[in-house]
Amino acid sequence: MARSFLSKADELTKRVRCPIHGFIRFSKNEQRIIEHQVFQRLRYVRQLAMEYLVYPGAMHTRFEHSLGVMSMANQMFERLEEQHGEEILENLKQVPELNENTMAKARQIVRLMGLLHDVGHPAFAHAGEAGIPGKSHEKVSIYAIQNDLSTVLDSIFFPGTAALLVRLMEKSPELAFLSQLVSGEMDTDRADYLLRDSLHCGVSYGHFDSDRLIESITLVRDPAPGRLEIALRRGGEHTFEAMILARYQMNTQVYLHKIRRIYDHYLEEYIKLWGHDNYQAIGDVLKHDDLSVFQEIRRDALADGPRAIWARRIVCRNHHRVVYETGDNADHGKLQLAKRILNALRMKFDDIDFFLDDSPVPIYKLSVPGDQEEQQVENLYIVERNGTLTLLARESAIISKVPKRVRTVRIFADVTEQTLTQIRAEAALLERTV
């Protein structure tokens, strides 16, 4: 199918190689956004913070991830256009910014959302969010689009581009299915980072058939809100299940690795203190990256003061050790048990510094049979061959068995190798008695 473009400068005549997607193509106008200093900053924000201390190959950045999301979002949009072009056209013509050249503008806005969805990530990505105004990189992304990029976006694409991008990021109901291409239960953000992170970490956990996923995507009108939403054709549910399993395994084996978790803690504590002096306003986040903040960490490691404690932990690799941990699916009871063990250890070893890591990580938000929590759930339908709809999560034997969130509760202690065995033995004894 021939694709229409807003101008010659919007044709995808440029390309760059990617280890995940092969050639990623972009236009001369998109190149102007890619070359903007706000986007170029992402070259120096690593995707996985200090995960390279565990997996040395994890040196990739938010820059190439953002290009990958743009490419995959484009593929998904074009797949939907092939199947539902008239329905999409009728739906999007109601949006003022899209009432002319509707499909060309819609494709462009989806590509830009994929490209800019992470533009607000602070230094050290998620580990750095605790120290930024609003504690959310999404808010910084919206700020960047409204302030640093608004004029250039509106001038080189079409009037209202920036405002429309912001509404997409805020998941405005009339743009729901477009938002879901980049931020949803079956989105290109997750798809790209699972494939990319597994490649650079040298593991196989994040692999799934992304081509099949794109081939299976379709649109339905959700009976409840009555709006267009992303769905899967019958047969495509298996690759979505594989994606959920990939996310579960990458979280348990990579993202929640004990060394990654303790260094995230140090980074969070350092950046809370550093950010108090350096992130006075939300726009200040865009002035820094991993390189500039790590220079500060290295300087503070040689100085005195509250930041020095965390800086030396990071620079000297002087980290706490795990003395107790649960499995990957710790429930409330196991969390309370870990807290009792921690209190007992602190009473017996009052000269040792302990830290409890108990943060849960979401895997999906679909409603499954037996759910007690119905808030913040999303529907994902299978479209049967006769056109009827089936809720995927309520039919899938795999999805219902994968926990909706994972949590490994760990007690870390600042101990030497000689003391480590003693405290681990004490923790094991307390597990049976407290």
# chains A, B, ... in the order shown; residues from 1 in each chain; ligands from 1
>>> residues_around(residues="Met243 in chain A", least_positions_apart="3", cutoff="12 Å", atoms="only C-alpha atoms", output="PyMOL selection string")
chain A and resi 185-188+190-195+205-213+236-240+246-250+363-364+398-399+402
>>> write_last_selection(atoms="C-alpha atoms", output="PDB file, in the first residue's frame")
ATOM      1  CA  GLU A 185      -0.394  -3.762  27.691  1.00  0.00           C
ATOM      2  CA  MET A 186       0.920  -4.766  24.258  1.00  0.00           C
ATOM      3  CA  ASP A 187       3.041  -1.751  23.387  1.00  0.00           C
ATOM      4  CA  THR A 188       6.170  -1.118  21.375  1.00  0.00           C
ATOM      5  CA  ARG A 190       7.941  -2.962  26.200  1.00  0.00           C
ATOM      6  CA  ALA A 191       8.514  -4.936  23.010  1.00  0.00           C
ATOM      7  CA  ASP A 192      11.660  -3.016  22.126  1.00  0.00           C
ATOM      8  CA  TYR A 193      13.235  -2.909  25.566  1.00  0.00           C
ATOM      9  CA  LEU A 194      12.690  -6.625  26.175  1.00  0.00           C
ATOM     10  CA  LEU A 195      14.416  -7.530  22.915  1.00  0.00           C
ATOM     11  CA  TYR A 205      14.826 -14.360  28.603  1.00  0.00           C
ATOM     12  CA  GLY A 206      13.489 -11.365  26.671  1.00  0.00           C
ATOM     13  CA  HIS A 207      13.007 -13.097  23.320  1.00  0.00           C
ATOM     14  CA  PHE A 208       9.561 -13.439  21.733  1.00  0.00           C
ATOM     15  CA  ASP A 209       8.155 -13.343  18.199  1.00  0.00           C
ATOM     16  CA  SER A 210       7.680  -9.602  17.681  1.00  0.00           C
ATOM     17  CA  ASP A 211       6.959 -10.057  13.957  1.00  0.00           C
ATOM     18  CA  ARG A 212       4.040 -12.334  14.771  1.00  0.00           C
ATOM     19  CA  LEU A 213       2.806  -9.862  17.377  1.00  0.00           C
ATOM     20  CA  GLY A 236      -1.717 -14.148  17.999  1.00  0.00           C
ATOM     21  CA  GLU A 237      -2.387 -14.695  21.684  1.00  0.00           C
ATOM     22  CA  HIS A 238       0.542 -17.093  21.967  1.00  0.00           C
ATOM     23  CA  THR A 239       3.140 -14.462  21.107  1.00  0.00           C
ATOM     24  CA  PHE A 240       1.523 -12.084  23.614  1.00  0.00           C
ATOM     25  CA  ALA A 246       9.645 -12.591  28.725  1.00  0.00           C
ATOM     26  CA  ARG A 247       8.757  -9.647  30.929  1.00  0.00           C
ATOM     27  CA  TYR A 248       8.397 -11.880  33.974  1.00  0.00           C
ATOM     28  CA  GLN A 249      11.745 -13.572  33.358  1.00  0.00           C
ATOM     29  CA  MET A 250      13.601 -10.345  32.563  1.00  0.00           C
ATOM     30  CA  ILE A 363       4.131  -7.420  34.997  1.00  0.00           C
ATOM     31  CA  TYR A 364       0.684  -6.702  33.517  1.00  0.00           C
ATOM     32  CA  ILE A 398      -0.550 -19.004  30.872  1.00  0.00           C
ATOM     33  CA  ILE A 399      -1.500 -15.417  31.732  1.00  0.00           C
ATOM     34  CA  VAL A 402       1.914 -15.509  35.765  1.00  0.00           C
TER      35      VAL A 402
END
>>> residues_around(residues="Ile109 in chain A", least_positions_apart="2", cutoff="9 Å", atoms="only C-alpha atoms", output="number ranges by chain")
A: 104-107, 111-114, 161, 164-165, 168, 178
>>> write_last_selection(atoms="N, CA, C and O atoms", output="PDB file, in the first residue's frame")
ATOM      1  N   ALA A 104      -1.821  10.556   7.235  1.00  0.00           N
ATOM      2  CA  ALA A 104      -0.412  10.952   7.219  1.00  0.00           C
ATOM      3  C   ALA A 104      -0.031  11.601   8.547  1.00  0.00           C
ATOM      4  O   ALA A 104       1.039  11.330   9.107  1.00  0.00           O
ATOM      5  N   LYS A 105      -0.908  12.462   9.062  1.00  0.00           N
ATOM      6  CA  LYS A 105      -0.631  13.108  10.344  1.00  0.00           C
ATOM      7  C   LYS A 105      -0.655  12.092  11.488  1.00  0.00           C
ATOM      8  O   LYS A 105       0.163  12.160  12.414  1.00  0.00           O
ATOM      9  N   ALA A 106      -1.607  11.165  11.451  1.00  0.00           N
ATOM     10  CA  ALA A 106      -1.712  10.162  12.518  1.00  0.00           C
ATOM     11  C   ALA A 106      -0.470   9.287  12.560  1.00  0.00           C
ATOM     12  O   ALA A 106       0.072   8.993  13.633  1.00  0.00           O
ATOM     13  N   ARG A 107      -0.009   8.851  11.381  1.00  0.00           N
ATOM     14  CA  ARG A 107       1.212   8.041  11.328  1.00  0.00           C
ATOM     15  C   ARG A 107       2.401   8.833  11.877  1.00  0.00           C
ATOM     16  O   ARG A 107       3.209   8.318  12.646  1.00  0.00           O
ATOM     17  N   ARG A 111       4.757   8.007  15.218  1.00  0.00           N
ATOM     18  CA  ARG A 111       6.211   7.904  15.124  1.00  0.00           C
ATOM     19  C   ARG A 111       6.891   8.852  16.122  1.00  0.00           C
ATOM     20  O   ARG A 111       7.851   8.483  16.801  1.00  0.00           O
ATOM     21  N   LEU A 112       6.380  10.062  16.216  1.00  0.00           N
ATOM     22  CA  LEU A 112       6.974  11.031  17.133  1.00  0.00           C
ATOM     23  C   LEU A 112       6.772  10.634  18.588  1.00  0.00           C
ATOM     24  O   LEU A 112       7.655  10.839  19.433  1.00  0.00           O
ATOM     25  N   MET A 113       5.627  10.047  18.897  1.00  0.00           N
ATOM     26  CA  MET A 113       5.423   9.586  20.271  1.00  0.00           C
ATOM     27  C   MET A 113       6.425   8.489  20.608  1.00  0.00           C
ATOM     28  O   MET A 113       6.999   8.468  21.701  1.00  0.00           O
ATOM     29  N   GLY A 114       6.635   7.551  19.682  1.00  0.00           N
ATOM     30  CA  GLY A 114       7.642   6.520  19.913  1.00  0.00           C
ATOM     31  C   GLY A 114       9.021   7.116  20.098  1.00  0.00           C
ATOM     32  O   GLY A 114       9.793   6.701  20.968  1.00  0.00           O
ATOM     33  N   THR A 161       1.105  19.931  16.549  1.00  0.00           N
ATOM     34  CA  THR A 161       1.812  18.659  16.753  1.00  0.00           C
ATOM     35  C   THR A 161       2.178  18.454  18.220  1.00  0.00           C
ATOM     36  O   THR A 161       1.944  17.389  18.795  1.00  0.00           O
ATOM     37  N   LEU A 164      -0.843  17.827  20.484  1.00  0.00           N
ATOM     38  CA  LEU A 164      -1.394  16.496  20.232  1.00  0.00           C
ATOM     39  C   LEU A 164      -0.524  15.417  20.846  1.00  0.00           C
ATOM     40  O   LEU A 164      -1.031  14.438  21.417  1.00  0.00           O
ATOM     41  N   LEU A 165       0.789  15.576  20.772  1.00  0.00           N
ATOM     42  CA  LEU A 165       1.707  14.625  21.407  1.00  0.00           C
ATOM     43  C   LEU A 165       1.481  14.563  22.912  1.00  0.00           C
ATOM     44  O   LEU A 165       1.477  13.479  23.507  1.00  0.00           O
ATOM     45  N   LEU A 168      -1.562  12.574  23.644  1.00  0.00           N
ATOM     46  CA  LEU A 168      -1.271  11.149  23.484  1.00  0.00           C
ATOM     47  C   LEU A 168      -0.581  10.600  24.720  1.00  0.00           C
ATOM     48  O   LEU A 168      -0.927   9.525  25.221  1.00  0.00           O
ATOM     49  N   LEU A 178      -4.164   4.959  19.642  1.00  0.00           N
ATOM     50  CA  LEU A 178      -2.846   5.436  19.226  1.00  0.00           C
ATOM     51  C   LEU A 178      -1.878   5.424  20.409  1.00  0.00           C
ATOM     52  O   LEU A 178      -0.720   5.009  20.275  1.00  0.00           O
TER      53      LEU A 178
END
>>> atom_distance(atom1="CA of Arg3 in chain A", atom2="CA of Pro19 in chain A")
25.8 Å
>>> residues_around(residues="Phe124 in chain A", least_positions_apart="6", cutoff="8 Å", atoms="only C-alpha atoms", output="list in words")
Val45, Arg46, Gln47, Leu48, Ala49, Met50, Leu267, Asp289 and Asp290 of chain A
>>> write_last_selection(atoms="N, CA and C atoms", output="compact mmCIF listing (two decimals), in the first residue's frame")
# COMPACT_ATOMS: atom_id res chain seq x y z
N VAL A 45 22.30 8.60 28.48
CA VAL A 45 21.46 8.07 29.56
C VAL A 45 21.30 6.57 29.29
N ARG A 46 21.98 5.75 30.06
CA ARG A 46 21.93 4.31 29.81
C ARG A 46 20.55 3.76 30.11
N GLN A 47 20.16 2.81 29.32
CA GLN A 47 18.84 2.19 29.45
C GLN A 47 18.65 1.56 30.82
N LEU A 48 19.68 0.92 31.35
CA LEU A 48 19.54 0.13 32.57
C LEU A 48 20.44 0.61 33.70
N ALA A 49 20.68 1.92 33.75
CA ALA A 49 21.47 2.51 34.83
C ALA A 49 22.79 1.76 34.99
N MET A 50 23.02 1.16 36.18
CA MET A 50 24.30 0.50 36.44
C MET A 50 24.21 -1.01 36.33
N LEU A 267 22.10 4.94 44.13
CA LEU A 267 21.84 6.04 43.19
C LEU A 267 20.64 6.87 43.63
N ASP A 289 22.95 14.28 32.41
CA ASP A 289 22.89 12.91 31.92
C ASP A 289 23.76 12.05 32.82
N ASP A 290 23.94 10.78 32.48
CA ASP A 290 24.75 9.89 33.31
C ASP A 290 26.17 10.41 33.48
>>> residues_around(residues="range 426-433 of chain A", least_positions_apart="2", cutoff="10 Å", atoms="only C-alpha atoms", output="PyMOL selection string")
chain A and resi 323-325+334+337-338+340-342+344-345+348+411+420-424
>>> write_last_selection(atoms="N, CA and C atoms", output="PDB file, in the first residue's frame")
ATOM      1  N   VAL A 323      21.743 -11.036  53.002  1.00  0.00           N
ATOM      2  CA  VAL A 323      21.794 -12.017  54.094  1.00  0.00           C
ATOM      3  C   VAL A 323      20.495 -12.815  54.192  1.00  0.00           C
ATOM      4  N   TYR A 324      19.452 -12.328  53.510  1.00  0.00           N
ATOM      5  CA  TYR A 324      18.187 -13.068  53.496  1.00  0.00           C
ATOM      6  C   TYR A 324      17.396 -12.625  52.275  1.00  0.00           C
ATOM      7  N   GLU A 325      16.738 -13.581  51.605  1.00  0.00           N
ATOM      8  CA  GLU A 325      15.867 -13.223  50.495  1.00  0.00           C
ATOM      9  C   GLU A 325      14.769 -14.260  50.317  1.00  0.00           C
ATOM     10  N   LYS A 334       5.062 -13.067  53.481  1.00  0.00           N
ATOM     11  CA  LYS A 334       6.520 -13.192  53.406  1.00  0.00           C
ATOM     12  C   LYS A 334       7.203 -11.853  53.649  1.00  0.00           C
ATOM     13  N   LEU A 337       7.172 -11.388  57.378  1.00  0.00           N
ATOM     14  CA  LEU A 337       8.186 -12.268  57.977  1.00  0.00           C
ATOM     15  C   LEU A 337       9.573 -11.657  57.822  1.00  0.00           C
ATOM     16  N   ALA A 338       9.865 -11.141  56.631  1.00  0.00           N
ATOM     17  CA  ALA A 338      11.174 -10.520  56.391  1.00  0.00           C
ATOM     18  C   ALA A 338      11.382  -9.319  57.302  1.00  0.00           C
ATOM     19  N   ARG A 340      10.094  -8.926  60.294  1.00  0.00           N
ATOM     20  CA  ARG A 340      10.368  -9.420  61.657  1.00  0.00           C
ATOM     21  C   ARG A 340      11.811  -9.914  61.773  1.00  0.00           C
ATOM     22  N   ILE A 341      12.275 -10.589  60.742  1.00  0.00           N
ATOM     23  CA  ILE A 341      13.668 -11.045  60.733  1.00  0.00           C
ATOM     24  C   ILE A 341      14.613  -9.851  60.783  1.00  0.00           C
ATOM     25  N   LEU A 342      14.287  -8.812  60.006  1.00  0.00           N
ATOM     26  CA  LEU A 342      15.131  -7.616  59.987  1.00  0.00           C
ATOM     27  C   LEU A 342      15.192  -6.974  61.369  1.00  0.00           C
ATOM     28  N   ALA A 344      14.763  -8.365  64.263  1.00  0.00           N
ATOM     29  CA  ALA A 344      15.545  -9.221  65.168  1.00  0.00           C
ATOM     30  C   ALA A 344      17.032  -9.102  64.883  1.00  0.00           C
ATOM     31  N   LEU A 345      17.406  -9.039  63.596  1.00  0.00           N
ATOM     32  CA  LEU A 345      18.827  -8.890  63.243  1.00  0.00           C
ATOM     33  C   LEU A 345      19.375  -7.555  63.735  1.00  0.00           C
ATOM     34  N   LYS A 348      20.119  -7.772  67.441  1.00  0.00           N
ATOM     35  CA  LYS A 348      21.272  -8.594  67.795  1.00  0.00           C
ATOM     36  C   LYS A 348      22.579  -8.016  67.273  1.00  0.00           C
ATOM     37  N   ILE A 411      17.030  -8.715  52.447  1.00  0.00           N
ATOM     38  CA  ILE A 411      17.692  -7.960  53.515  1.00  0.00           C
ATOM     39  C   ILE A 411      19.168  -7.888  53.154  1.00  0.00           C
ATOM     40  N   LEU A 420      29.553 -12.430  57.084  1.00  0.00           N
ATOM     41  CA  LEU A 420      28.413 -12.732  56.217  1.00  0.00           C
ATOM     42  C   LEU A 420      27.788 -14.077  56.541  1.00  0.00           C
ATOM     43  N   THR A 421      28.613 -15.105  56.664  1.00  0.00           N
ATOM     44  CA  THR A 421      28.098 -16.457  56.926  1.00  0.00           C
ATOM     45  C   THR A 421      27.342 -16.509  58.256  1.00  0.00           C
ATOM     46  N   GLN A 422      27.883 -15.847  59.255  1.00  0.00           N
ATOM     47  CA  GLN A 422      27.242 -15.852  60.582  1.00  0.00           C
ATOM     48  C   GLN A 422      25.846 -15.216  60.525  1.00  0.00           C
ATOM     49  N   ILE A 423      25.717 -14.084  59.858  1.00  0.00           N
ATOM     50  CA  ILE A 423      24.436 -13.387  59.826  1.00  0.00           C
ATOM     51  C   ILE A 423      23.431 -14.130  58.949  1.00  0.00           C
ATOM     52  N   ARG A 424      23.911 -14.735  57.858  1.00  0.00           N
ATOM     53  CA  ARG A 424      23.005 -15.540  57.030  1.00  0.00           C
ATOM     54  C   ARG A 424      22.461 -16.719  57.824  1.00  0.00           C
TER      55      ARG A 424
END
>>> residues_around(residues="Pro306 in chain A", least_positions_apart="4", cutoff="10 Å", atoms="only C-alpha atoms", output="list in words")
Glu269, Tyr270, Leu273, Trp274, Asp300, Trp310 and Ala311 of chain A
>>> residues_around(residues="Asp357 in chain A", least_positions_apart="2", cutoff="9 Å", atoms="only C-alpha atoms", output="list in words")
Arg261, Ile262, His265, Phe355, Ser359, Thr408, Val409, Arg410, Ile411 and Phe412 of chain A
>>> closest_residue(among="A:Met76, A:Val377, A:Ile88, A:Cys316", to="Pro362 in chain A", atoms="only C-alpha atoms")
A:Val377
>>> atom_distance(atom1="CA of Asp331 in chain A", atom2="CA of Arg407 in chain A")
7.8 Å
>>> closest_residue(among="A:Met72, A:Leu53, A:Ile271, A:Ala9", to="Leu115 in chain A", atoms="only C-alpha atoms")
A:Met72
>>> residues_around(residues="Ala281 in chain A", least_positions_apart="4", cutoff="12 Å", atoms="only C-alpha atoms", output="MDAnalysis selection string")
chainID A and resid 131:135 139:140 143 275:277 285:287
>>> select_by_dssp(residues="range 103-237 of chain A", states="strand (DSSP E)", output="PyMOL selection string")
chain A and resi 217-221+228-233
>>> decode(residues="range 186-217 of chain A", atoms="N, CA and C atoms", output="tab-separated table (two decimals), in the first residue's frame")
chain	number	residue	atom	x	y	z
A	186	MET	N	0.25	-4.09	25.37
A	186	MET	CA	0.92	-4.77	24.26
A	186	MET	C	1.62	-3.70	23.41
A	187	ASP	N	2.50	-2.93	24.05
A	187	ASP	CA	3.04	-1.75	23.39
A	187	ASP	C	4.45	-1.97	22.84
A	188	THR	N	4.86	-1.02	22.01
A	188	THR	CA	6.17	-1.12	21.37
A	188	THR	C	7.29	-0.71	22.32
A	189	ASP	N	6.99	0.04	23.36
A	189	ASP	CA	8.00	0.37	24.36
A	189	ASP	C	8.49	-0.91	25.03
A	190	ARG	N	7.56	-1.70	25.57
A	190	ARG	CA	7.94	-2.96	26.20
A	190	ARG	C	8.59	-3.91	25.19
A	191	ALA	N	7.99	-4.00	24.01
A	191	ALA	CA	8.51	-4.94	23.01
A	191	ALA	C	9.96	-4.64	22.69
A	192	ASP	N	10.28	-3.36	22.48
A	192	ASP	CA	11.66	-3.02	22.13
A	192	ASP	C	12.61	-3.23	23.29
A	193	TYR	N	12.24	-2.79	24.50
A	193	TYR	CA	13.24	-2.91	25.57
A	193	TYR	C	13.46	-4.36	25.99
A	194	LEU	N	12.46	-5.21	25.87
A	194	LEU	CA	12.69	-6.63	26.17
A	194	LEU	C	13.70	-7.24	25.21
A	195	LEU	N	13.50	-7.00	23.92
A	195	LEU	CA	14.42	-7.53	22.91
A	195	LEU	C	15.80	-6.91	23.05
A	196	ARG	N	15.84	-5.60	23.25
A	196	ARG	CA	17.12	-4.88	23.29
A	196	ARG	C	17.90	-5.20	24.56
A	197	ASP	N	17.22	-5.21	25.70
A	197	ASP	CA	17.91	-5.49	26.96
A	197	ASP	C	18.45	-6.91	26.99
A	198	SER	N	17.67	-7.86	26.48
A	198	SER	CA	18.16	-9.25	26.49
A	198	SER	C	19.38	-9.40	25.60
A	199	LEU	N	19.39	-8.72	24.45
A	199	LEU	CA	20.55	-8.78	23.56
A	199	LEU	C	21.80	-8.24	24.24
A	200	HIS	N	21.69	-7.06	24.83
A	200	HIS	CA	22.88	-6.41	25.39
A	200	HIS	C	23.31	-7.04	26.71
A	201	CYS	N	22.38	-7.65	27.42
A	201	CYS	CA	22.76	-8.36	28.65
A	201	CYS	C	23.30	-9.76	28.35
A	202	GLY	N	23.09	-10.23	27.12
A	202	GLY	CA	23.58	-11.56	26.74
A	202	GLY	C	22.74	-12.68	27.30
A	203	VAL	N	21.42	-12.43	27.50
A	203	VAL	CA	20.52	-13.46	28.01
A	203	VAL	C	19.43	-13.73	26.98
A	204	SER	N	18.72	-14.82	27.16
A	204	SER	CA	17.66	-15.20	26.21
A	204	SER	C	16.26	-14.94	26.73
A	205	TYR	N	16.14	-14.47	27.97
A	205	TYR	CA	14.83	-14.36	28.60
A	205	TYR	C	13.87	-13.43	27.87
A	206	GLY	N	14.37	-12.37	27.24
A	206	GLY	CA	13.49	-11.37	26.67
A	206	GLY	C	13.03	-11.64	25.26
A	207	HIS	N	13.35	-12.81	24.71
A	207	HIS	CA	13.01	-13.10	23.32
A	207	HIS	C	11.54	-13.51	23.17
A	208	PHE	N	10.90	-13.01	22.14
A	208	PHE	CA	9.56	-13.44	21.73
A	208	PHE	C	9.39	-13.05	20.27
A	209	ASP	N	8.34	-13.54	19.64
A	209	ASP	CA	8.16	-13.34	18.20
A	209	ASP	C	7.47	-12.00	17.94
A	210	SER	N	8.25	-10.93	17.87
A	210	SER	CA	7.68	-9.60	17.68
A	210	SER	C	7.04	-9.45	16.31
A	211	ASP	N	7.57	-10.13	15.29
A	211	ASP	CA	6.96	-10.06	13.96
A	211	ASP	C	5.54	-10.62	13.97
A	212	ARG	N	5.37	-11.73	14.66
A	212	ARG	CA	4.04	-12.33	14.77
A	212	ARG	C	3.10	-11.43	15.56
A	213	LEU	N	3.63	-10.78	16.58
A	213	LEU	CA	2.81	-9.86	17.38
A	213	LEU	C	2.27	-8.74	16.50
A	214	ILE	N	3.13	-8.13	15.70
A	214	ILE	CA	2.71	-7.05	14.81
A	214	ILE	C	1.72	-7.56	13.77
A	215	GLU	N	1.97	-8.75	13.24
A	215	GLU	CA	1.08	-9.33	12.23
A	215	GLU	C	-0.31	-9.60	12.80
A	216	SER	N	-0.40	-9.86	14.10
A	216	SER	CA	-1.67	-10.25	14.72
A	216	SER	C	-2.48	-9.09	15.26
A	217	ILE	N	-1.91	-7.90	15.27
A	217	ILE	CA	-2.59	-6.77	15.90
A	217	ILE	C	-3.82	-6.34	15.08
